[in-house]
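Enquirer: Can you read through this structure? Questions will come right after.
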Amino acid sequence: MAKWTPKHEAPEPLEGPVVATITGGTILWFVLFVVQIPFYGWYDDHGHLWWVWTCLAGAGLGLIGIWYVRGRDAALKRAAAAAAAQGD
């Protein structure tokens, strides 16, 4: 089987409000968890208890994601400031 080689360069990654996006997603997962808590018994009776814990796991992983993207954003800003300082 021949190795596939790209015919053009990959585009630059899109940068946007990454911290806000991850924070919004984390809040959404947590809200979904809280909304499902009153129905815990129903989920348990119908074998869908994993839905509740999936939302809690999403919120927990989202907290890790917020920490990560805030650090990444700070590192990108430091790199841009260092490049601007060298350019002067």
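Every chain in the structure tokens has a letter given in the order shown (A, B, ...), and although residue numbers restart at 1 in each chain, ligands are simply numbered from 1 in the order shown.
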Skipping near chain neighbours, those fewer than 4 positions away, what residues fall within 12 Å of A:Leu49 using only C-alpha atoms, listed as a PyMOL selection string?
Expert: chain A and resi 33+36-37+39-45+53-56
Enquirer: With a distance cut-off of 12 Å and only C-alpha atoms, select the neighbouring residues of stretch 68-80 of chain A, excluding the residue or stretch itself and same-chain residues fewer than 4 positions from it, and output the selection as a PyMOL selection string.
Expert: chain A and resi 15-23+61-64+84-87
Enquirer: With distances taken over only C-alpha atoms, which of A:Gly60, A:Glu9, A:Ala81, A:Pro38 is nearest to A:Gly25?
Expert: A:Gly60
Enquirer: State, in Å with one decimal place, the distance from atom CA of A:Thr26 to atom CA of A:Trp50.
Expert: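 For atom CA of A:Thr26 relative to atom CA of A:Trp50, the distance reads 17.9 Å.
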Enquirer: If you measure from atom CA of A:Gly47 to atom CA of A:Val35, what distance in Å do you get, rounded to one decimal?
Expert: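 Here the two named atoms are 17.7 Å from each other.
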Enquirer: What is the distance, in Å and to one decimal place, between atom CA of A:His48 and atom CA of A:Val34?
Expert: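 Going from atom CA of A:His48 over to atom CA of A:Val34, I get 15.5 Å.
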Enquirer: Give me every alpha helix (DSSP H) residue in stretch 36-68 of chain A, going by DSSP on the backbone, as a ChimeraX atom specification.
Expert: /A:36,40-45,49-68
Enquirer: Since we have the selection now, will you write its residues out, keeping N, CA and C atoms, as a CSV table (one decimal), in the first residue's frame?
Expert:
chain,number,residue,atom,x,y,z
A,36,GLN,N,-30.5,16.5,36.5
A,36,GLN,CA,-30.8,15.1,36.5
A,36,GLN,C,-30.9,14.6,38.0
A,40,TYR,N,-32.9,10.9,40.0
A,40,TYR,CA,-31.9,9.9,40.2
A,40,TYR,C,-32.5,8.5,40.3
A,41,GLY,N,-33.6,8.4,41.0
A,41,GLY,CA,-34.3,7.1,41.2
A,41,GLY,C,-34.8,6.6,39.8
A,42,TRP,N,-35.4,7.5,39.0
A,42,TRP,CA,-35.9,7.0,37.7
A,42,TRP,C,-34.8,6.5,36.8
A,43,TYR,N,-33.7,7.2,36.8
A,43,TYR,CA,-32.5,6.8,36.0
A,43,TYR,C,-32.0,5.4,36.5
A,44,ASP,N,-32.0,5.2,37.8
A,44,ASP,CA,-31.6,4.0,38.4
A,44,ASP,C,-32.5,2.8,38.1
A,45,ASP,N,-33.8,3.1,38.1
A,45,ASP,CA,-34.8,2.1,37.8
A,45,ASP,C,-34.8,1.6,36.4
A,49,LEU,N,-28.5,5.2,34.7
A,49,LEU,CA,-27.8,5.9,35.8
A,49,LEU,C,-26.5,6.5,35.2
A,50,TRP,N,-25.9,5.9,34.2
A,50,TRP,CA,-24.7,6.3,33.7
A,50,TRP,C,-24.8,7.7,33.0
A,51,TRP,N,-26.0,8.1,32.7
A,51,TRP,CA,-26.2,9.5,32.1
A,51,TRP,C,-25.9,10.5,33.2
A,52,VAL,N,-26.3,10.3,34.4
A,52,VAL,CA,-26.0,11.2,35.5
A,52,VAL,C,-24.5,11.4,35.7
A,53,TRP,N,-23.8,10.2,35.8
A,53,TRP,CA,-22.4,10.2,36.0
A,53,TRP,C,-21.6,10.7,34.8
A,54,THR,N,-22.1,10.5,33.6
A,54,THR,CA,-21.4,11.1,32.5
A,54,THR,C,-21.4,12.6,32.5
A,55,CYS,N,-22.5,13.2,33.0
A,55,CYS,CA,-22.6,14.7,33.1
A,55,CYS,C,-21.6,15.2,34.2
A,56,LEU,N,-21.5,14.4,35.3
A,56,LEU,CA,-20.6,14.8,36.3
A,56,LEU,C,-19.1,14.7,35.8
A,57,ALA,N,-18.8,13.6,35.1
A,57,ALA,CA,-17.5,13.4,34.5
A,57,ALA,C,-17.2,14.5,33.5
A,58,GLY,N,-18.2,14.9,32.7
A,58,GLY,CA,-18.0,16.0,31.8
A,58,GLY,C,-17.6,17.3,32.5
A,59,ALA,N,-18.3,17.6,33.6
A,59,ALA,CA,-18.0,18.8,34.3
A,59,ALA,C,-16.6,18.7,34.9
A,60,GLY,N,-16.3,17.6,35.5
A,60,GLY,CA,-14.9,17.4,36.1
A,60,GLY,C,-13.8,17.6,35.1
A,61,LEU,N,-14.0,16.9,33.9
A,61,LEU,CA,-13.0,17.0,32.9
A,61,LEU,C,-13.0,18.4,32.3
A,62,GLY,N,-14.1,19.1,32.3
A,62,GLY,CA,-14.2,20.5,31.8
A,62,GLY,C,-13.3,21.4,32.7
A,63,LEU,N,-13.3,21.1,34.0
A,63,LEU,CA,-12.5,21.9,35.0
A,63,LEU,C,-11.0,21.7,34.6
A,64,ILE,N,-10.6,20.5,34.3
A,64,ILE,CA,-9.2,20.3,33.9
A,64,ILE,C,-9.0,21.0,32.6
A,65,GLY,N,-10.0,21.0,31.7
A,65,GLY,CA,-9.8,21.7,30.4
A,65,GLY,C,-9.7,23.2,30.6
A,66,ILE,N,-10.5,23.8,31.5
A,66,ILE,CA,-10.3,25.2,31.7
A,66,ILE,C,-8.9,25.5,32.2
A,67,TRP,N,-8.4,24.8,33.1
A,67,TRP,CA,-7.1,25.0,33.6
A,67,TRP,C,-6.1,24.9,32.5
A,68,TYR,N,-6.2,23.9,31.6
A,68,TYR,CA,-5.3,23.7,30.5
A,68,TYR,C,-5.4,24.9,29.5
